[in-house]
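Inspection log for the structure reproduced underneath, given as structure tokens.
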Amino acid sequence: MLDCARVLVLYAGGTIGMKASGRGYVPSPGYLAEQLARLPQFHDASLPVQQDDGRPVFVTPPSREGRRVSLTVKEYEPLLDSSNMGMEDWARIAEDVGRHDAEFDAFVVLHGTDTMAYSASALSFMLENLSKTVILTGSQIPLTTARTDALDNLLGALTIAGHFEIPEVCLYFCHKLLRGNRAQKQDASGFDAFWSGNFPPLVEVGIDIKAKWDLILQPTGEPLHVQTKMNPNVAALRLFPGITAETLANFLRPPLEGVVLETYGSGNAPDRRRDLLDALRAATDRGVVIVNCTQCHKGTVSATYAAGIALAEAGVIGGADLTPEAALTKLSYLLAKGLSPTDIRSQMQLNLRGELTAGQGARYSFRER
């Protein structure tokens with residue numbers, strides 16, 4: 001008998017399952033499952049479509065490795081465009097992973113692309129001690145369109161989920177599996193829509209599937225714990241030339257508790273603007289946690305220039321190579337734990353889920369280990 005992996009597909013919404021209408025592409029309940037039943041890549045026509053508590057179950061043909069993937073589709077109500085996703089939706093997905101952890105070998109989340117990087121980052125923190133593969137994917141064009149990226153994305157995600165044990169929250173797009181809290185959307189119209197500029201892909205899919213096991217996190221061995229509570233009093237602010245102290249001070253007012261400050265280059269801000277630095281210092285003194293992230297898509301925050309050191313002196317902590325999406329969701333996650341601002345500042349600079357590269361000293365030979 002062929003080996004068969006059980007994968008739960010959590011269909012939250014997004015372009016991948018939409019159908020054409022007079023007003024453009026729209027979500028349509030039940031439509032995705034209807035199409036999967038007709039596509040031989042996702043369901044072996046020689047097998048009947050099963051039901052699991054009202055959820056359709058499809059079984060793929062055997063892979064080159066002789067394994068099938070049994071995919072159970074749980075469709076959310078309502079199906080959401082990703083621009084409508086919020087923290088309560090992250091909690092729902094995380095709860096479903098926790099609730100069904102013992103039943104399934106892996107999880108695939110179908111999600112719109114616009115906020116997928118935020119959701120992937122948030123879930124990486126919310127799913128503590130994760131030991132199974134969780135992959136977010138979607139598409140730029142619906143599954144039922146003749147020229148679509150949905151087939152490759154969904155089939156690639158299911159194949160990895162059904163064949164590999166990668167105990168991380170990941171994002172699969174355009175033949176690459178990225179660490180979820182390293183991913184960013186880089187292209188609104190191309191198929192290669194996501195990248196992780198500061199971290200290489202975990203898996204690359206071609207004729208062969210190549211996993212980089214030296215990069216993949218090891219499970220902790222502890223039981224899965226799902227934290228569904230996130231603190232909504234966080235925000236991101238992108239610095240720009242000419243920003244006024246009044247704008248900054250108003251932005252930093254209560255109830256704000258955590259801020260991702262997107263700065264220039266390697267974490268720089270105007271060090272001759274005492275009014276801006278005073279506004280930042282006043283906020284950090286009253287307990288607001290401010291994290292310095294670069295506006296650049298690649299690179300890290302470092303205290304190389306006086307313009308960056310001035311921020312640190314105002315109480316702003318360096319975010320290393322955190323993406324703004326990872327920094328924002330990590331702040332929300334830590335603030336929800338009820339930790340002190342001092343503890344949160346410390347935790348923000350620690351590598352909890354592979355989201356940042358821990359600082360290492362300069363290396364000049366093989367002797368510096």
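Residues in the structure tokens are named by chain (A, B, ... in the order shown) and by number from 1 within that chain; ligands are numbered from 1 in the order shown.
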**OP:** Would you mind writing down, as JSON, numbers by chain, each residue of stretch 76-325 of chain A that DSSP on the backbone assigns to alpha helix (DSSP H)?
**Re:** {"A": [87, 88, 89, 90, 91, 92, 93, 94, 95, 96, 97, 98, 99, 116, 117, 118, 119, 120, 121, 122, 123, 124, 125, 126, 150, 151, 152, 153, 154, 155, 156, 157, 158, 159, 160, 161, 162, 163, 245, 246, 247, 248, 249, 250, 251, 274, 275, 276, 277, 278, 279, 280, 281, 282, 283, 284, 285, 306, 307, 308, 309, 310, 311, 312, 313, 324, 325]}
**OP:** Write out as a VMD selection string all residues of stretch 133-166 of chain A that backbone DSSP assigns to strand (DSSP E or B).
**Re:** chain A and resid 133 to 137
**OP:** Return the single residue from A:Val291, A:Ala358, A:Ala310, A:Ile317 that is closest to A:Leu331, with distances computed using only C-alpha atoms.
**Re:** A:Val291
Original post:
Mind pulling up the distance from atom CA of A:Arg182 to atom CA of A:Arg345?
Top reply: 19.9 Å
Original post:
From the list A:Arg273, A:Gln295, A:Tyr264, A:Asp187, which residue is nearest A:Gly242 when using only C-alpha atoms?
Top reply: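 The answer is A:Arg273, which sits nearest to A:Gly242.
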Original post:
Which is closer to A:Ser124 than all the others in A:Ile141, A:Leu151, A:Val169, A:Ala211, using only C-alpha atoms?
Top reply: A:Val169
Subject >> Distance criterion (only C-alpha atoms): nearest to A:Asn84 out of A:Leu339, A:Ala12, A:Met18, A:Leu127 >> reply: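 The answer is A:Ala12, which sits nearest to A:Asn84.
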Original post:
Can you list, as a PyMOL selection string, every protein, DNA or RNA residue that comes within 10 Å of A:Gln186 when you count only C-alpha atoms, leaving out same-chain residues fewer than 2 positions away?
Top reply: chain A and resi 183-184+188-190+192-197+297
Those same residues - C-alpha atoms - I'd like them written as a compact mmCIF listing (two decimals), in the first residue's frame.
# COMPACT_ATOMS: atom_id res chain seq x y z
CA ALA A 183 9.58 36.89 3.51
CA GLN A 184 8.39 40.12 1.91
CA ALA A 188 2.63 43.27 -7.34
CA SER A 189 2.37 41.99 -10.90
CA GLY A 190 5.04 39.31 -11.43
CA ASP A 192 8.07 35.81 -8.49
CA ALA A 193 6.20 37.91 -5.96
CA PHE A 194 8.11 37.12 -2.74
CA TRP A 195 11.70 37.07 -1.62
CA SER A 196 13.71 36.99 1.60
CA GLY A 197 16.60 39.33 0.88
CA HIS A 297 14.96 45.54 1.32
**OP:** Using atom CA of A:Leu110 and atom CA of A:Gly17 as the two end points, give the distance in Å to one decimal.
**Re:**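 Those two atoms sit 8.6 Å apart.
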